[in-house]
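A short worksheet on the structure shown next.
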Amino acid sequence: MSSNNYYDVTTWPVGNPSEDVGEVINSIIADIKDRQAVADANSGGKPGAVIYIPPGDYHLRTQVVIDVSFLSIHGSGHGFTSSSIRFNVPEDEWPDLHELWPGGSRILVDIPLGGDGEESKGAAFYVERSGSPRISSVEFSNFCIDGLHFTPDGSGMHPENTYVNGKTGIYVANANDSFRVTGMGFVYLENALTIYNADALSVHDNFIAECGSCIELRGWGQASKITDNLVGAGFKGHSIYAENHGGLLITANNVFPRGASSVHLDGVTRSSVTNNRLHSFYPGMVILAANSSENLVATNHFLRDHEPWTPFLGVDNGLDDLYGLLCVSGSNNSVVGNHFSEIIDAQSIRPAGATPVVIRLMAGVGNFVSNNHVVAMDVHSKSSDSCFSAQVDALLTTEASDALAVTAVMVDSESARNTILDSGSDAQVIADRAVNAFRATPTVGSQAAHALVAQ
């Protein structure tokens, strides 16, 4: 049985979805509000609706404004494919490529930008409703939002590699409850997903890459989750960022390199960063800042290596190797059972001659660091014009010229009363033993040496 609460953008009588799907969706939302005007009719009244975007290309020239709850916008394919690889292939090779653009149910963000710097105006989907109750249960699933092109930023870099264009995929402006972003594709947007004041948000199983910043939870929030996503930001932005959140779950994400950080938490408390695979070309992979406290960072795999793709050689996030791969400014956090692979060329260490830091406790008290494993190797870095083969070769190569000396844990003077157990040898941990508890990881031969001393 058909329902008048199910809409297909290709059959709606107002507007042309191929030319401006934004106009069409706004007209549909207006119809939903007109038909569902009564707050309580037969113990119901406002069930919301589904808007379906079939596979195809749909230009969006008018921002979609969502101010109704219980709205699901879904398509039939996230359609992600790498635009960065295509734009860095010589144009004379484009005719031989199987496809040039992302596909699936694809929104092409063509919003004209006024240049006034107001970030929300560049959003394809703008969610905003004040008053009580908070807007709830808005869902985006299974379609692609494509920013199309990046623009020059004055750096002299190829315009398609700047991660700048003023465009955002989804922008949620104020308090919201039980939103879901699932199975989506985001590509070539300066900001993929920006959400303020989220409660019980689920960002799950999306492909968000080649965007300036990927997932940003701003303002404050609670009890949300970022799970099972494939994520990779540009060198200017965050792959996963959250501020002033409690009870946030960041789990089972595969975070690609090139983002300025993999996970950046600012004033986040009683939250978990667990079972993620994190890969970065720079230090500062996971940052707990602004007194982020009582968080669990456990059983993650950290890989720090070098950028192997020619177009981005020489690009970094501005941090040196003393900053640390995991940096903590907060109290009573647990850092347990993580694996760190620091696979870099000793000649590239900054500052020259320094010993790279893996875990750094910058400020706070009572942090617990236990049973973390650090593998550090000095490799001769290589580069290639082929993004895919260069990265795969770098990931699979385990040959190294020698072990690399690192500081496994560094505790700054502003951090005290921490416990560091089995996370580095005595020589690999720099901490004031008078104000921090420490037990070294045994080194090979240490037990034999102790036995000889005992005799």
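Residue names in the structure tokens use chain letters A, B, ... in the order shown, residue numbers from 1 in each chain, and ligand numbers from 1 in the order shown.
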
Near-Asp228 in chain A list (7 Å; only C-alpha atoms; drop same-chain fewer than 2 positions) as a list in words: His204, Asp205, Leu230, Thr251, Ala252 and Asn253 of chain A

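By only C-alpha atoms, and with residues fewer than 3 positions from Ala49 in chain A along its chain excluded, the set lying at most 8 Å from it is A:Asn5, A:Tyr6, A:Tyr7, A:Ile32, A:Phe70, A:Leu71, A:Ser72.
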
Residues near Val297 in chain A, cut-off 6 Å, only C-alpha atoms, skip fewer than 6 positions along chain, as a PyMOL selection string: chain A and resi 273-274+335

Contacts of Phe281 in chain A within 12 Å, only C-alpha atoms, excl. fewer than 3 positions in-chain, as a ChimeraX atom specification: /A:232-235,255-262,278,284-285,302-309,312-321,325,341-345,348,381,391,394

Length of the CA of Asn333 in chain A to CA of Phe368 in chain A vector [Å]: 6.1 Å

Non-local contacts of Gln63 in chain A (8 Å; only C-alpha atoms; under 3 positions in same chain excluded) as a list of chain:residue names: A:Gly22, A:Glu23, A:Leu60, A:Ile111, A:Lys121, A:Gly122, A:Ala123, A:Ala124, A:Phe125, A:Tyr126

Interatomic distance, CA of Ser415 in chain A to CA of Ser239 in chain A (Å, one decimal):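 CA of Ser239 in chain A lies at a distance of 27.1 Å from CA of Ser415 in chain A.
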
Polymer residues at most 6 Å from Asp8 in chain A, only C-alpha atoms, same-chain spacing of 3 or more positions, as a ChimeraX atom specification: /A:11,51-52

Store the residues of this selection in a file with N, CA and C atoms, as an mmCIF file, in the first residue's frame.
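And here's part12.cif as it stands now:
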```
data_model
loop_
_atom_site.group_PDB
_atom_site.id
_atom_site.type_symbol
_atom_site.label_atom_id
_atom_site.label_comp_id
_atom_site.auth_asym_id
_atom_site.auth_seq_id
_atom_site.Cartn_x
_atom_site.Cartn_y
_atom_site.Cartn_z
ATOM 1 N N THR A 11 9.664 12.135 -8.959
ATOM 2 C CA THR A 11 8.247 12.164 -9.336
ATOM 3 C C THR A 11 7.496 13.338 -8.718
ATOM 4 N N ILE A 51 12.098 10.713 2.159
ATOM 5 C CA ILE A 51 12.393 11.288 0.847
ATOM 6 C C ILE A 51 13.434 10.405 0.185
ATOM 7 N N TYR A 52 13.101 9.880 -0.974
ATOM 8 C CA TYR A 52 13.977 8.931 -1.667
ATOM 9 C C TYR A 52 14.673 9.606 -2.842
#
```
